[in-house]
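Next comes query.pdb, with PDB, C-alpha atoms, pLDDT in the B column.
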MODEL        1
ATOM      1  CA  GLU M   9      14.774-116.175  -1.953  1.00 73.00           C
ATOM      2  CA  LEU M  10      18.183-114.672  -1.473  1.00 80.00           C
ATOM      3  CA  ALA M  11      18.044-113.141  -4.910  1.00 82.00           C
ATOM      4  CA  ALA M  12      14.552-111.857  -4.254  1.00 81.00           C
ATOM      5  CA  GLN M  13      15.740-110.404  -0.989  1.00 83.00           C
ATOM      6  CA  ARG M  14      18.713-108.643  -2.670  1.00 85.00           C
ATOM      7  CA  GLU M  15      16.417-107.309  -5.373  1.00 87.00           C
ATOM      8  CA  ALA M  16      14.009-106.010  -2.748  1.00 86.00           C
ATOM      9  CA  GLU M  17      16.877-104.365  -0.885  1.00 86.00           C
ATOM     10  CA  GLU M  18      18.134-102.851  -4.143  1.00 87.00           C
ATOM     11  CA  ARG M  19      14.663-101.497  -4.909  1.00 86.00           C
ATOM     12  CA  ALA M  20      14.471-100.114  -1.408  1.00 90.00           C
ATOM     13  CA  ARG M  21      17.857 -98.402  -1.880  1.00 90.00           C
ATOM     14  CA  ARG M  22      16.809 -96.996  -5.240  1.00 90.00           C
ATOM     15  CA  GLU M  23      13.533 -95.845  -3.799  1.00 91.00           C
ATOM     16  CA  ALA M  24      15.355 -94.293  -0.863  1.00 91.00           C
ATOM     17  CA  LYS M  25      17.771 -92.521  -3.236  1.00 91.00           C
ATOM     18  CA  ALA M  26      14.878 -91.334  -5.421  1.00 91.00           C
ATOM     19  CA  GLN M  27      13.048 -90.131  -2.332  1.00 91.00           C
ATOM     20  CA  ALA M  28      16.187 -88.379  -1.138  1.00 91.00           C
ATOM     21  CA  ARG M  29      16.601 -86.750  -4.567  1.00 91.00           C
ATOM     22  CA  ARG M  30      12.982 -85.668  -4.562  1.00 91.00           C
ATOM     23  CA  GLU M  31      13.326 -84.244  -1.070  1.00 91.00           C
ATOM     24  CA  ALA M  32      16.563 -82.516  -2.031  1.00 91.00           C
ATOM     25  CA  GLU M  33      14.964 -81.056  -5.162  1.00 92.00           C
ATOM     26  CA  ALA M  34      11.934 -79.997  -3.157  1.00 91.00           C
ATOM     27  CA  ALA M  35      14.212 -78.387  -0.602  1.00 91.00           C
ATOM     28  CA  ARG M  36      16.166 -76.648  -3.377  1.00 92.00           C
ATOM     29  CA  GLU M  37      12.909 -75.519  -5.006  1.00 92.00           C
ATOM     30  CA  ALA M  38      11.610 -74.262  -1.650  1.00 92.00           C
ATOM     31  CA  GLU M  39      14.880 -72.448  -1.070  1.00 92.00           C
ATOM     32  CA  LEU M  40      14.745 -70.953  -4.555  1.00 92.00           C
ATOM     33  CA  GLU M  41      11.122 -69.888  -4.023  1.00 93.00           C
ATOM     34  CA  ALA M  42      12.005 -68.353  -0.686  1.00 93.00           C
ATOM     35  CA  GLN M  43      14.917 -66.558  -2.337  1.00 92.00           C
ATOM     36  CA  ARG M  44      12.645 -65.317  -5.148  1.00 93.00           C
ATOM     37  CA  GLN M  45      10.082 -64.101  -2.623  1.00 93.00           C
ATOM     38  CA  ALA M  46      12.793 -62.404  -0.590  1.00 92.00           C
ATOM     39  CA  GLU M  47      14.132 -60.719  -3.716  1.00 93.00           C
ATOM     40  CA  ALA M  48      10.605 -59.642  -4.709  1.00 93.00           C
ATOM     41  CA  ARG M  49      10.055 -58.233  -1.211  1.00 93.00           C
ATOM     42  CA  ALA M  50      13.371 -56.433  -1.393  1.00 93.00           C
ATOM     43  CA  ARG M  51      12.461 -54.988  -4.813  1.00 93.00           C
ATOM     44  CA  ARG M  52       9.054 -53.856  -3.533  1.00 93.00           C
ATOM     45  CA  GLU M  53      10.644 -52.310  -0.447  1.00 94.00           C
ATOM     46  CA  ALA M  54      13.268 -50.592  -2.599  1.00 94.00           C
ATOM     47  CA  GLU M  55      10.591 -49.346  -4.969  1.00 93.00           C
ATOM     48  CA  GLU M  56       8.522 -48.095  -2.015  1.00 94.00           C
ATOM     49  CA  ILE M  57      11.555 -46.337  -0.550  1.00 94.00           C
ATOM     50  CA  ALA M  58      12.325 -44.810  -3.951  1.00 94.00           C
ATOM     51  CA  ARG M  59       8.694 -43.722  -4.344  1.00 94.00           C
ATOM     52  CA  ARG M  60       8.676 -42.122  -0.916  1.00 94.00           C
ATOM     53  CA  GLU M  61      11.994 -40.445  -1.685  1.00 93.00           C
ATOM     54  CA  ARG M  62      10.579 -39.074  -4.946  1.00 94.00           C
ATOM     55  CA  GLU M  63       7.466 -37.826  -3.166  1.00 94.00           C
ATOM     56  CA  LEU M  64       9.610 -36.206  -0.492  1.00 93.00           C
ATOM     57  CA  GLN M  65      11.832 -34.583  -3.104  1.00 94.00           C
ATOM     58  CA  ALA M  66       8.762 -33.369  -5.006  1.00 93.00           C
ATOM     59  CA  ALA M  67       7.229 -31.976  -1.810  1.00 93.00           C
ATOM     60  CA  LEU M  68      10.486 -30.234  -0.925  1.00 92.00           C
ATOM     61  CA  ALA M  69      10.772 -28.834  -4.455  1.00 94.00           C
ATOM     62  CA  ALA M  70       7.164 -27.606  -4.323  1.00 93.00           C
ATOM     63  CA  GLU M  71       7.754 -26.009  -0.896  1.00 92.00           C
ATOM     64  CA  LEU M  72      10.938 -24.361  -2.165  1.00 92.00           C
ATOM     65  CA  GLU M  73       9.090 -23.060  -5.229  1.00 93.00           C
ATOM     66  CA  GLN M  74       6.265 -21.721  -3.041  1.00 93.00           C
ATOM     67  CA  GLU M  75       8.765 -20.043  -0.737  1.00 93.00           C
ATOM     68  CA  GLN M  76      10.544 -18.506  -3.727  1.00 92.00           C
ATOM     69  CA  THR M  77       7.169 -17.351  -5.059  1.00 91.00           C
ATOM     70  CA  ARG M  78       6.284 -15.845  -1.683  1.00 92.00           C
ATOM     71  CA  ALA M  79       9.710 -14.219  -1.436  1.00 91.00           C
ATOM     72  CA  GLY M  80       9.292 -12.798  -4.935  1.00 90.00           C
ATOM     73  CA  ALA M  81       5.827 -11.507  -4.064  1.00 91.00           C
ATOM     74  CA  ARG M  82       7.183  -9.915  -0.874  1.00 91.00           C
ATOM     75  CA  ALA M  83      10.037  -8.331  -2.808  1.00 92.00           C
ATOM     76  CA  ARG M  84       7.636  -7.018  -5.449  1.00 92.00           C
ATOM     77  CA  ALA M  85       5.289  -5.711  -2.759  1.00 92.00           C
ATOM     78  CA  GLN M  86       8.181  -3.979  -0.987  1.00 92.00           C
ATOM     79  CA  GLU M  87       9.393  -2.533  -4.273  1.00 91.00           C
ATOM     80  CA  SER M  88       5.887  -1.343  -5.129  1.00 91.00           C
ATOM     81  CA  ALA M  89       5.461   0.157  -1.652  1.00 92.00           C
ATOM     82  CA  GLU M  90       8.815   1.917  -1.970  1.00 92.00           C
ATOM     83  CA  GLN M  91       7.853   3.260  -5.404  1.00 92.00           C
ATOM     84  CA  GLU M  92       4.521   4.482  -4.026  1.00 93.00           C
ATOM     85  CA  ARG M  93       6.324   6.103  -1.079  1.00 93.00           C
ATOM     86  CA  GLN M  94       8.750   7.832  -3.433  1.00 92.00           C
ATOM     87  CA  GLN M  95       5.913   8.955  -5.702  1.00 92.00           C
ATOM     88  CA  ALA M  96       3.953  10.233  -2.696  1.00 93.00           C
ATOM     89  CA  GLU M  97       7.047  12.085  -1.495  1.00 93.00           C
ATOM     90  CA  GLN M  98       7.511  13.611  -4.957  1.00 92.00           C
ATOM     91  CA  ARG M  99       3.844  14.649  -5.035  1.00 93.00           C
ATOM     92  CA  ARG M 100       4.178  16.130  -1.558  1.00 92.00           C
ATOM     93  CA  ARG M 101       7.243  18.110  -2.629  1.00 91.00           C
ATOM     94  CA  ARG M 102       5.529  19.295  -5.820  1.00 91.00           C
ATOM     95  CA  ASP M 103       2.430  20.282  -3.842  1.00 90.00           C
ATOM     96  CA  ALA M 104       4.540  22.059  -1.234  1.00 91.00           C
ATOM     97  CA  LEU M 105       6.461  23.880  -3.947  1.00 86.00           C
ATOM     98  CA  ALA M 106       3.231  24.821  -5.736  1.00 86.00           C
ATOM     99  CA  ALA M 107       1.704  25.969  -2.444  1.00 85.00           C
ATOM    100  CA  ALA M 108       4.811  28.029  -1.667  1.00 86.00           C
ATOM    101  CA  GLU M 109       4.759  29.561  -5.142  1.00 82.00           C
ATOM    102  CA  LEU M 110       1.044  30.307  -4.821  1.00 78.00           C
ATOM    103  CA  ALA M 111       1.536  31.838  -1.384  1.00 82.00           C
ATOM    104  CA  SER M 112       4.377  33.960  -2.723  1.00 84.00           C
ATOM    105  CA  ALA M 113       2.278  35.082  -5.683  1.00 80.00           C
ATOM    106  CA  ARG M 114      -0.683  35.885  -3.414  1.00 80.00           C
ATOM    107  CA  LYS M 115       1.602  37.803  -1.079  1.00 87.00           C
ATOM    108  CA  GLN M 116       2.908  39.864  -3.979  1.00 87.00           C
ATOM    109  CA  VAL M 117      -0.623  40.605  -5.190  1.00 84.00           C
ATOM    110  CA  ALA M 118      -1.740  41.496  -1.662  1.00 86.00           C
ATOM    111  CA  SER M 119       1.260  43.760  -1.118  1.00 88.00           C
ATOM    112  CA  ARG M 120       0.297  45.645  -4.275  1.00 90.00           C
ATOM    113  CA  TRP M 121      -3.476  45.981  -3.777  1.00 93.00           C
ATOM    114  CA  VAL M 122      -4.227  45.824  -0.038  1.00 93.00           C
ATOM    115  CA  PRO M 123      -2.480  49.165   0.713  1.00 94.00           C
ATOM    116  CA  LEU M 124      -4.540  50.781  -2.072  1.00 95.00           C
ATOM    117  CA  ILE M 125      -7.755  49.392  -0.559  1.00 95.00           C
ATOM    118  CA  GLN M 126      -6.657  50.478   2.924  1.00 95.00           C
ATOM    119  CA  ASN M 127      -5.881  54.010   1.776  1.00 95.00           C
ATOM    120  CA  ARG M 128      -9.176  54.369  -0.080  1.00 96.00           C
ATOM    121  CA  ILE M 129     -11.228  53.191   2.895  1.00 96.00           C
ATOM    122  CA  ARG M 130      -9.236  55.467   5.224  1.00 95.00           C
ATOM    123  CA  SER M 131     -10.050  58.408   2.992  1.00 95.00           C
ATOM    124  CA  PHE M 132     -13.770  57.808   3.675  1.00 96.00           C
ATOM    125  CA  TRP M 133     -13.431  56.839   7.340  1.00 96.00           C
ATOM    126  CA  VAL M 134     -14.487  59.217  10.100  1.00 94.00           C
ATOM    127  CA  ARG M 135     -13.235  58.399  13.609  1.00 92.00           C
ATOM    128  CA  PRO M 136     -16.153  58.127  16.036  1.00 92.00           C
ATOM    129  CA  ALA M 137     -16.020  60.476  18.965  1.00 87.00           C
ATOM    130  CA  GLY M 138     -14.402  58.877  21.982  1.00 83.00           C
ATOM    131  CA  SER M 139     -12.996  55.865  20.133  1.00 84.00           C
ATOM    132  CA  PRO M 140      -9.640  54.763  21.561  1.00 85.00           C
ATOM    133  CA  ARG M 141      -6.365  54.852  19.689  1.00 85.00           C
ATOM    134  CA  GLY M 142      -4.526  51.723  18.504  1.00 87.00           C
ATOM    135  CA  VAL M 143      -7.571  49.526  17.864  1.00 92.00           C
ATOM    136  CA  GLU M 144      -8.411  47.591  14.708  1.00 94.00           C
ATOM    137  CA  THR M 145     -11.252  45.529  13.321  1.00 95.00           C
ATOM    138  CA  VAL M 146     -11.456  42.743  10.727  1.00 97.00           C
ATOM    139  CA  VAL M 147     -14.371  42.715   8.316  1.00 97.00           C
ATOM    140  CA  ASN M 148     -15.344  40.335   5.544  1.00 97.00           C
ATOM    141  CA  LEU M 149     -15.837  41.955   2.140  1.00 95.00           C
ATOM    142  CA  ARG M 150     -17.695  40.536  -0.851  1.00 95.00           C
ATOM    143  CA  LEU M 151     -17.030  42.371  -4.080  1.00 96.00           C
ATOM    144  CA  GLU M 152     -18.218  42.314  -7.640  1.00 94.00           C
ATOM    145  CA  PRO M 153     -15.750  42.511 -10.537  1.00 91.00           C
ATOM    146  CA  GLY M 154     -14.505  46.081 -10.710  1.00 92.00           C
ATOM    147  CA  GLY M 155     -14.436  46.382  -6.885  1.00 94.00           C
ATOM    148  CA  GLN M 156     -18.105  47.275  -6.213  1.00 95.00           C
ATOM    149  CA  VAL M 157     -19.013  46.228  -2.636  1.00 96.00           C
ATOM    150  CA  ILE M 158     -22.098  43.979  -2.615  1.00 95.00           C
ATOM    151  CA  PRO M 159     -24.784  45.771  -0.548  1.00 94.00           C
ATOM    152  CA  GLY M 160     -25.360  44.266   2.888  1.00 93.00           C
ATOM    153  CA  SER M 161     -22.381  41.916   2.580  1.00 94.00           C
ATOM    154  CA  VAL M 162     -19.880  43.565   4.932  1.00 96.00           C
ATOM    155  CA  GLN M 163     -19.647  41.576   8.196  1.00 96.00           C
ATOM    156  CA  VAL M 164     -17.463  42.085  11.271  1.00 96.00           C
ATOM    157  CA  ILE M 165     -15.209  39.034  11.681  1.00 96.00           C
ATOM    158  CA  ARG M 166     -13.165  40.276  14.632  1.00 95.00           C
ATOM    159  CA  SER M 167     -14.490  43.221  16.560  1.00 95.00           C
ATOM    160  CA  SER M 168     -12.360  46.010  17.933  1.00 93.00           C
ATOM    161  CA  GLY M 169     -14.395  45.825  21.114  1.00 91.00           C
ATOM    162  CA  HIS M 170     -16.028  49.157  20.335  1.00 92.00           C
ATOM    163  CA  GLY M 171     -19.278  49.015  18.398  1.00 93.00           C
ATOM    164  CA  ALA M 172     -19.075  52.591  17.119  1.00 94.00           C
ATOM    165  CA  PHE M 173     -15.580  51.965  15.743  1.00 95.00           C
ATOM    166  CA  ASP M 174     -16.739  48.755  13.970  1.00 96.00           C
ATOM    167  CA  GLN M 175     -19.728  50.553  12.463  1.00 96.00           C
ATOM    168  CA  SER M 176     -17.546  53.441  11.285  1.00 96.00           C
ATOM    169  CA  VAL M 177     -15.362  50.954   9.385  1.00 96.00           C
ATOM    170  CA  ILE M 178     -18.399  49.295   7.760  1.00 96.00           C
ATOM    171  CA  SER M 179     -19.734  52.693   6.735  1.00 96.00           C
ATOM    172  CA  ALA M 180     -16.361  53.715   5.284  1.00 97.00           C
ATOM    173  CA  VAL M 181     -16.192  50.490   3.242  1.00 97.00           C
ATOM    174  CA  TYR M 182     -19.568  51.161   1.611  1.00 96.00           C
ATOM    175  CA  LYS M 183     -18.682  54.819   0.937  1.00 96.00           C
ATOM    176  CA  ALA M 184     -15.314  53.814  -0.588  1.00 96.00           C
ATOM    177  CA  SER M 185     -16.964  51.423  -3.056  1.00 93.00           C
ATOM    178  CA  PRO M 186     -15.812  50.648  -5.727  1.00 95.00           C
ATOM    179  CA  LEU M 187     -12.507  49.572  -4.241  1.00 95.00           C
ATOM    180  CA  PRO M 188      -9.274  49.307  -6.246  1.00 95.00           C
ATOM    181  CA  VAL M 189      -8.847  45.618  -7.121  1.00 94.00           C
ATOM    182  CA  PRO M 190      -7.130  43.637  -9.912  1.00 92.00           C
ATOM    183  CA  ASP M 191      -8.980  41.994 -12.780  1.00 89.00           C
ATOM    184  CA  GLY M 192      -9.412  38.389 -13.824  1.00 89.00           C
ATOM    185  CA  ASP M 193      -8.011  35.464 -11.876  1.00 88.00           C
ATOM    186  CA  GLU M 194      -6.309  37.592  -9.243  1.00 89.00           C
ATOM    187  CA  PHE M 195      -9.627  39.214  -8.364  1.00 91.00           C
ATOM    188  CA  GLU M 196     -11.535  35.915  -8.281  1.00 89.00           C
ATOM    189  CA  ASP M 197      -8.805  34.182  -6.298  1.00 87.00           C
ATOM    190  CA  MET M 198      -8.177  36.857  -3.649  1.00 89.00           C
ATOM    191  CA  PHE M 199     -10.670  39.726  -3.635  1.00 91.00           C
ATOM    192  CA  GLN M 200     -14.060  38.348  -4.549  1.00 91.00           C
ATOM    193  CA  ASP M 201     -14.588  37.303  -0.933  1.00 93.00           C
ATOM    194  CA  PHE M 202     -11.872  38.183   1.595  1.00 93.00           C
ATOM    195  CA  ASN M 203     -11.195  39.373   5.118  1.00 95.00           C
ATOM    196  CA  PHE M 204      -9.865  42.905   5.484  1.00 95.00           C
ATOM    197  CA  ARG M 205      -8.091  44.265   8.563  1.00 94.00           C
ATOM    198  CA  PHE M 206      -8.667  47.988   9.067  1.00 95.00           C
ATOM    199  CA  THR M 207      -6.221  49.997  11.120  1.00 89.00           C
ATOM    200  CA  PRO M 208      -6.620  53.796  11.318  1.00 84.00           C
TER     201      PRO M 208
ENDMDL
END

In structure tokens, what does this structure look like?
Amino acid sequence: ELAAQREAEERARREAKAQARREAEAAREAELEAQRQAEARARREAEEIARRERELQAALAAELEQEQTRAGARARAQESAEQERQQAEQRRRRDALAAAELASARKQVASRWVPLIQNRIRSFWVRPAGSPRGVETVVNLRLEPGGQVIPGSVQVIRSSGHGAFDQSVISAVYKASPLPVPDGDEFEDMFQDFNFRFTP
């Protein structure tokens, strides 16, 4: 009985040790599993943080690229606007110069031919009785090449205030026809249809 009792106690001790080992191994395995899970969570969190960081960097890079694109477009638009302004200014200067040259040329032509027209009309003009001194009238003349006055075309543009005086000028214009005028472009540009100021 004593031997059986010692054997039973020994079995109990062995069983207790085996149970303790199993529990220790289970605890170690649970600890290792918990550690593995913690490491996996840490990796996933790190990967998520890295992914978010990459997305943020990509978004910032895209925003920077868009801003650079917009800045480039603004710069190009400003440059284009400045070029257009400069071109418009150059056109304005060319047009002004051309207009000044044309005005000068017209003035030279007028200074050569208007006195001849004035003198010819004066030579046919008869002052109406009682007409005052120092008056003038402006009439519109329409001429054919060679200076022939178109019948019925002479119109008073600005009256002298005296009907007889105005009519005497109209009559003198028709009698003076053909008037001395240039040929070609100068005639078509200035004397085909023009206003004429008559002063006695």

Applied to this file, what does the PyMOL selection byres ((chain M and resi 175) around 12) return in terms of residues, put as a ChimeraX atom specification?
/M:133-136,139,144-147,162-164,167-174,176-182,206

Limited to C-alpha atoms, could you put the picked residues into a file as a PDB file, keeping the file's coordinate frame?
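So again_13.pdb came out as:
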ATOM      1  CA  TRP M 133     -13.431  56.839   7.340  1.00 96.00           C
ATOM      2  CA  VAL M 134     -14.487  59.217  10.100  1.00 94.00           C
ATOM      3  CA  ARG M 135     -13.235  58.399  13.609  1.00 92.00           C
ATOM      4  CA  PRO M 136     -16.153  58.127  16.036  1.00 92.00           C
ATOM      5  CA  SER M 139     -12.996  55.865  20.133  1.00 84.00           C
ATOM      6  CA  GLU M 144      -8.411  47.591  14.708  1.00 94.00           C
ATOM      7  CA  THR M 145     -11.252  45.529  13.321  1.00 95.00           C
ATOM      8  CA  VAL M 146     -11.456  42.743  10.727  1.00 97.00           C
ATOM      9  CA  VAL M 147     -14.371  42.715   8.316  1.00 97.00           C
ATOM     10  CA  VAL M 162     -19.880  43.565   4.932  1.00 96.00           C
ATOM     11  CA  GLN M 163     -19.647  41.576   8.196  1.00 96.00           C
ATOM     12  CA  VAL M 164     -17.463  42.085  11.271  1.00 96.00           C
ATOM     13  CA  SER M 167     -14.490  43.221  16.560  1.00 95.00           C
ATOM     14  CA  SER M 168     -12.360  46.010  17.933  1.00 93.00           C
ATOM     15  CA  GLY M 169     -14.395  45.825  21.114  1.00 91.00           C
ATOM     16  CA  HIS M 170     -16.028  49.157  20.335  1.00 92.00           C
ATOM     17  CA  GLY M 171     -19.278  49.015  18.398  1.00 93.00           C
ATOM     18  CA  ALA M 172     -19.075  52.591  17.119  1.00 94.00           C
ATOM     19  CA  PHE M 173     -15.580  51.965  15.743  1.00 95.00           C
ATOM     20  CA  ASP M 174     -16.739  48.755  13.970  1.00 96.00           C
ATOM     21  CA  SER M 176     -17.546  53.441  11.285  1.00 96.00           C
ATOM     22  CA  VAL M 177     -15.362  50.954   9.385  1.00 96.00           C
ATOM     23  CA  ILE M 178     -18.399  49.295   7.760  1.00 96.00           C
ATOM     24  CA  SER M 179     -19.734  52.693   6.735  1.00 96.00           C
ATOM     25  CA  ALA M 180     -16.361  53.715   5.284  1.00 97.00           C
ATOM     26  CA  VAL M 181     -16.192  50.490   3.242  1.00 97.00           C
ATOM     27  CA  TYR M 182     -19.568  51.161   1.611  1.00 96.00           C
ATOM     28  CA  PHE M 206      -8.667  47.988   9.067  1.00 95.00           C
TER      29      PHE M 206
END

Find, counting only C-alpha atoms, the residue in M:Gln43, M:Gln98, M:Gln65, M:Asn148 that gets nearest to Phe202 (chain M).
M:Asn148

From the options M:Glu47, M:Thr207, M:Glu71, M:Arg29, which residue's atoms come nearest to Pro140 (chain M), counting all atoms listed in the file?
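For Pro140 (chain M), the nearest of the candidates is M:Thr207.
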
Could you state the separation of CA of Ile158 (chain M) and CA of Met198 (chain M) in Å, given to one decimal place?
15.7 Å

Measure the distance from CA of Gln116 (chain M) to CA of Phe204 (chain M) in Å and round it to one decimal.
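According to the coordinates, CA of Gln116 (chain M) and CA of Phe204 (chain M) are separated by 16.2 Å.
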
Determine the axis-aligned bounding box of all atoms of region 131-150 of chain M present in the file, pad each side by 3 Å, and express its centre and edge lengths in Å to one decimal place as JSON.
{"center_x": -11.1, "center_y": 50.4, "center_z": 10.6, "size_x": 19.2, "size_y": 26.1, "size_z": 28.8}

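Residue membership of the PyMOL selection byres ((chain M and resi 118) around 12) in the shown file amounts to Leu110, Ala111, Ser112, Ala113, Arg114, Lys115, Gln116, Val117, Ser119, Arg120, Trp121, Val122, Pro123, Leu124, Ile125, Gln126, Pro188, Val189, Pro190, Glu194, Phe195, Asp197, Met198, Phe199, Phe202, Asn203 and Phe204 of chain M.
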